file work-v9.cif (mmCIF, C-alpha atoms)
data_data
loop_
_atom_site.group_PDB
_atom_site.id
_atom_site.type_symbol
_atom_site.label_atom_id
_atom_site.label_comp_id
_atom_site.auth_asym_id
_atom_site.auth_seq_id
_atom_site.Cartn_x
_atom_site.Cartn_y
_atom_site.Cartn_z
ATOM 1 C CA MET N 20 260.608 -45.114 -82.544
ATOM 2 C CA PHE N 21 256.978 -45.570 -83.489
ATOM 3 C CA ILE N 22 254.767 -48.132 -81.822
ATOM 4 C CA GLU N 23 252.408 -50.126 -84.011
ATOM 5 C CA THR N 24 249.591 -52.130 -82.455
ATOM 6 C CA LEU N 25 248.493 -55.317 -84.216
ATOM 7 C CA GLY N 26 245.597 -56.735 -82.243
ATOM 8 C CA GLU N 27 247.136 -57.879 -78.961
ATOM 9 C CA ARG N 28 250.731 -57.489 -80.180
ATOM 10 C CA VAL N 29 252.820 -54.336 -80.087
ATOM 11 C CA ARG N 30 255.963 -53.802 -82.136
ATOM 12 C CA LEU N 31 258.420 -50.957 -82.533
ATOM 13 C CA VAL N 32 258.739 -49.441 -86.001
ATOM 14 C CA ARG N 33 261.952 -47.732 -87.088
ATOM 15 C CA PRO N 34 261.681 -44.110 -88.228
ATOM 16 C CA ARG N 35 262.554 -43.471 -91.897
ATOM 17 C CA SER N 36 261.695 -47.047 -92.812
ATOM 18 C CA PHE N 37 258.867 -48.175 -95.099
ATOM 19 C CA ALA N 38 256.962 -49.613 -92.110
ATOM 20 C CA GLY N 39 257.513 -46.325 -90.262
ATOM 21 C CA LEU N 40 256.176 -44.378 -93.237
ATOM 22 C CA MET N 41 253.022 -46.509 -93.381
ATOM 23 C CA THR N 42 252.529 -45.974 -89.627
ATOM 24 C CA LEU N 43 252.895 -42.238 -90.221
ATOM 25 C CA TYR N 44 250.262 -42.417 -93.012
ATOM 26 C CA GLU N 45 247.909 -44.168 -90.565
ATOM 27 C CA GLY N 46 248.477 -41.403 -88.008
ATOM 28 C CA ASN N 47 247.768 -38.761 -90.662
ATOM 29 C CA HIS N 48 244.491 -40.503 -91.504
ATOM 30 C CA VAL N 49 243.425 -40.614 -87.846
ATOM 31 C CA ARG N 50 244.197 -36.917 -87.354
ATOM 32 C CA LEU N 51 242.417 -35.918 -90.573
ATOM 33 C CA ARG N 52 239.326 -37.859 -89.476
ATOM 34 C CA GLN N 53 239.407 -36.027 -86.144
ATOM 35 C CA LEU N 54 239.713 -32.703 -87.932
ATOM 36 C CA LEU N 55 237.376 -33.220 -90.906
ATOM 37 C CA GLY N 56 235.041 -36.036 -89.897
ATOM 38 C CA ASN N 57 233.856 -38.116 -92.862
ATOM 39 C CA LEU N 58 236.694 -38.219 -95.410
ATOM 40 C CA TRP N 59 234.528 -39.963 -98.031
ATOM 41 C CA HIS N 60 232.308 -36.961 -98.704
ATOM 42 C CA LEU N 61 234.167 -33.658 -98.516
ATOM 43 C CA PRO N 62 232.668 -30.491 -99.991
ATOM 44 C CA SER N 63 234.637 -28.817 -102.787
ATOM 45 C CA LYS N 64 235.777 -26.002 -100.470
ATOM 46 C CA MET N 65 235.998 -25.684 -96.693
ATOM 47 C CA VAL N 66 237.480 -23.161 -94.279
ATOM 48 C CA SER N 67 238.465 -23.815 -90.685
ATOM 49 C CA ILE N 68 237.945 -21.367 -87.904
ATOM 50 C CA SER N 69 240.157 -21.103 -84.833
ATOM 51 C CA SER N 70 240.339 -18.324 -82.273
ATOM 52 C CA THR N 71 244.083 -18.920 -81.741
ATOM 53 C CA ASP N 72 245.380 -19.586 -85.275
ATOM 54 C CA LEU N 73 244.993 -18.471 -88.884
ATOM 55 C CA SER N 74 242.145 -19.909 -90.937
ATOM 56 C CA ILE N 75 242.993 -22.998 -92.959
ATOM 57 C CA HIS N 76 241.539 -23.428 -96.428
ATOM 58 C CA LEU N 77 240.788 -26.806 -97.945
ATOM 59 C CA SER N 78 239.895 -27.323 -101.594
ATOM 60 C CA LEU N 79 238.982 -30.627 -103.181
ATOM 61 C CA ASP N 80 241.286 -31.632 -106.021
ATOM 62 C CA ARG N 81 240.051 -35.112 -107.053
ATOM 63 C CA CYS N 82 237.591 -37.606 -105.752
ATOM 64 C CA SER N 83 237.240 -41.220 -106.855
ATOM 65 C CA ARG N 84 235.885 -44.431 -105.417
ATOM 66 C CA TYR N 85 239.069 -45.291 -103.495
ATOM 67 C CA THR N 86 240.915 -41.986 -103.095
ATOM 68 C CA THR N 87 240.291 -38.334 -102.388
ATOM 69 C CA SER N 88 242.886 -35.620 -103.010
ATOM 70 C CA PHE N 89 242.687 -32.104 -101.639
ATOM 71 C CA ARG N 90 244.851 -29.078 -100.888
ATOM 72 C CA MET N 91 245.195 -27.663 -97.406
ATOM 73 C CA THR N 92 246.811 -24.265 -96.808
ATOM 74 C CA TYR N 93 246.936 -21.007 -94.965
ATOM 75 C CA ARG N 94 246.005 -17.994 -97.090
ATOM 76 C CA LEU N 95 248.120 -14.968 -96.376
ATOM 77 C CA TYR N 96 247.451 -11.509 -97.776
ATOM 78 C CA LYS N 97 250.331 -9.162 -98.533
ATOM 79 C CA ASP N 98 250.195 -6.010 -100.672
ATOM 80 C CA GLY N 99 246.898 -7.065 -102.248
ATOM 81 C CA ILE N 100 248.273 -10.484 -103.238
ATOM 82 C CA THR N 101 246.999 -13.787 -101.861
ATOM 83 C CA LEU N 102 249.771 -16.166 -100.861
ATOM 84 C CA THR N 103 249.143 -19.830 -100.066
ATOM 85 C CA ASP N 104 251.572 -21.496 -97.708
ATOM 86 C CA PRO N 105 252.343 -24.412 -97.193
ATOM 87 C CA ASN N 106 249.723 -25.534 -99.782
ATOM 88 C CA LEU N 107 249.981 -29.277 -99.176
ATOM 89 C CA LEU N 108 248.414 -31.743 -101.595
ATOM 90 C CA ILE N 109 247.025 -34.596 -99.502
ATOM 91 C CA ARG N 110 245.740 -37.926 -100.812
ATOM 92 C CA VAL N 111 243.457 -40.119 -98.700
ATOM 93 C CA TYR N 112 243.311 -43.850 -99.493
ATOM 94 C CA HIS N 113 239.872 -44.811 -98.176
ATOM 95 C CA ASP N 114 240.139 -48.596 -98.329
ATOM 96 C CA ALA N 115 243.539 -48.693 -96.588
ATOM 97 C CA ARG N 116 242.705 -45.837 -94.174
ATOM 98 C CA LEU N 117 245.911 -43.990 -95.005
ATOM 99 C CA ALA N 118 246.586 -40.311 -95.748
ATOM 100 C CA GLU N 119 249.706 -39.118 -97.551
ATOM 101 C CA ALA N 120 251.133 -35.658 -98.125
ATOM 102 C CA VAL N 121 251.974 -35.873 -101.834
ATOM 103 C CA SER N 122 253.540 -32.467 -102.438
ATOM 104 C CA CYS N 123 254.043 -29.012 -101.026
ATOM 105 C CA CYS N 124 254.087 -25.625 -102.790
ATOM 106 C CA GLU N 125 256.996 -24.855 -105.095
ATOM 107 C CA ARG N 126 259.002 -22.789 -102.600
ATOM 108 C CA PRO N 127 257.551 -22.147 -99.150
ATOM 109 C CA ARG N 128 257.623 -18.538 -98.003
ATOM 110 C CA ASN N 129 257.800 -19.500 -94.332
ATOM 111 C CA ILE N 130 261.361 -20.322 -93.340
ATOM 112 C CA LEU N 131 260.112 -23.148 -91.095
ATOM 113 C CA TYR N 132 258.730 -25.026 -94.140
ATOM 114 C CA ARG N 133 261.842 -24.710 -96.285
ATOM 115 C CA GLY N 134 263.367 -27.933 -94.942
ATOM 116 C CA LEU N 135 260.739 -29.755 -96.992
ATOM 117 C CA HIS N 136 262.439 -28.589 -100.165
ATOM 118 C CA MET N 137 265.973 -29.636 -99.350
ATOM 119 C CA PRO N 138 267.275 -32.322 -101.690
ATOM 120 C CA ALA N 139 266.436 -35.691 -100.151
ATOM 121 C CA LYS N 140 268.772 -38.657 -100.337
ATOM 122 C CA SER N 141 265.919 -40.918 -101.426
ATOM 123 C CA GLU N 142 262.222 -40.955 -102.266
ATOM 124 C CA LEU N 143 261.571 -42.565 -98.882
ATOM 125 C CA GLU N 144 263.322 -39.695 -97.077
ATOM 126 C CA HIS N 145 261.415 -37.086 -99.131
ATOM 127 C CA ARG N 146 258.076 -38.726 -98.288
ATOM 128 C CA TRP N 147 259.128 -39.088 -94.669
ATOM 129 C CA LEU N 148 259.896 -35.349 -94.305
ATOM 130 C CA LEU N 149 256.699 -34.271 -96.038
ATOM 131 C CA ASN N 150 254.495 -36.576 -93.974
ATOM 132 C CA VAL N 151 256.132 -35.795 -90.641
ATOM 133 C CA PHE N 152 255.379 -32.166 -91.479
ATOM 134 C CA LEU N 153 251.729 -33.006 -92.269
ATOM 135 C CA ASN N 154 251.440 -35.036 -89.065
ATOM 136 C CA LYS N 155 252.789 -32.170 -86.944
ATOM 137 C CA TRP N 156 250.616 -29.606 -88.725
ATOM 138 C CA LEU N 157 247.490 -31.697 -88.149
ATOM 139 C CA GLU N 158 248.477 -32.033 -84.487
ATOM 140 C CA HIS N 159 248.850 -28.223 -84.379
ATOM 141 C CA CYS N 160 245.379 -27.808 -85.951
ATOM 142 C CA LEU N 161 243.814 -30.110 -83.374
ATOM 143 C CA ASP N 162 245.630 -28.340 -80.512
ATOM 144 C CA HIS N 163 244.223 -25.026 -81.775
ATOM 145 C CA ARG N 164 240.740 -26.537 -82.009
ATOM 146 C CA HIS N 165 240.280 -25.897 -85.725
ATOM 147 C CA VAL N 166 236.743 -26.542 -86.918
ATOM 148 C CA PHE N 167 235.919 -26.956 -90.589
ATOM 149 C CA GLY N 168 232.458 -25.650 -91.460
#
call {"tool": "encode", "arguments": {"input": "work-v9.cif", "output": "structure tokens"}}
result
Amino acid sequence: MFIETLGERVRLVRPRSFAGLMTLYEGNHVRLRQLLGNLWHLPSKMVSISSTDLSIHLSLDRCSRYTTSFRMTYRLYKDGITLTDPNLLIRVYHDARLAEAVSCCERPRNILYRGLHMPAKSELEHRWLLNVFLNKWLEHCLDHRHVFG
């Protein structure tokens, strides 16, 4: 169960529900702000540095008055080829203070990410899986003290 705070009131939010998804989007926004700072003005390209994890690459996709979209990924090098995995497309809704994982790469190379490409029973379930993954990855980035410069 998720807990949502509304002023002085607290209510439980069911996982895999629309309210749960919106709570997850709020959590993604909070974690992205902790990781990136000001989400309104992101440079076109950024790279994180961590002494305990791979570098994470961020590239701006679209920027408008109310939304910003960007890709976030690890870059892996194998046999002279650059591989991007998980290559998440993330959309930030500035006015609502929400952040949504919109899509992931076509077929993840890492076996741990492949669950994101299983056929979902519904659009809600697909979005739920993708955004739980984003939430956990952002938590991982913060735990490894990633710094975007």
call {"tool": "resolve_selection", "arguments": {"input": "work-v9.cif", "expression": "the PyMOL selection byres ((chain N and resi 36-51) around 6)", "output": "MDAnalysis selection string"}}
result
chainID N and resid 32:35 52:55 117:119 154
call {"tool": "resolve_selection", "arguments": {"input": "work-v9.cif", "expression": "the PyMOL selection byres ((chain N and resi 77-90) around 6)", "output": "count of residues only"}}
result
12
call {"tool": "closest_residue", "arguments": {"input": "work-v9.cif", "among": "N:Val121, N:Leu61, N:Leu95, N:Asp72", "to": "His165 (chain N)", "atoms": "all atoms listed in the file"}}
result
N:Asp72
call {"tool": "closest_residue", "arguments": {"input": "work-v9.cif", "among": "N:Leu73, N:Leu149, N:Arg94, N:Ser67", "to": "Ala120 (chain N)", "atoms": "only C-alpha atoms"}}
result
N:Leu149
call {"tool": "atom_distance", "arguments": {"input": "work-v9.cif", "atom1": "CA of Thr92 (chain N)", "atom2": "CA of Ser122 (chain N)"}}
result
12.0 Å
call {"tool": "atom_distance", "arguments": {"input": "work-v9.cif", "atom1": "CA of Leu157 (chain N)", "atom2": "CA of Ile75 (chain N)"}}
result
10.9 Å
call {"tool": "atom_distance", "arguments": {"input": "work-v9.cif", "atom1": "CA of Val151 (chain N)", "atom2": "CA of Lys97 (chain N)"}}
result
28.4 Å
call {"tool": "closest_residue", "arguments": {"input": "work-v9.cif", "among": "N:Arg146, N:Lys155, N:Lys140, N:Arg164", "to": "Ser70 (chain N)", "atoms": "only C-alpha atoms"}}
result
N:Arg164
call {"tool": "closest_residue", "arguments": {"input": "work-v9.cif", "among": "N:Val66, N:Asn57, N:Arg116, N:Thr71", "to": "Tyr93 (chain N)", "atoms": "only C-alpha atoms"}}
result
N:Val66
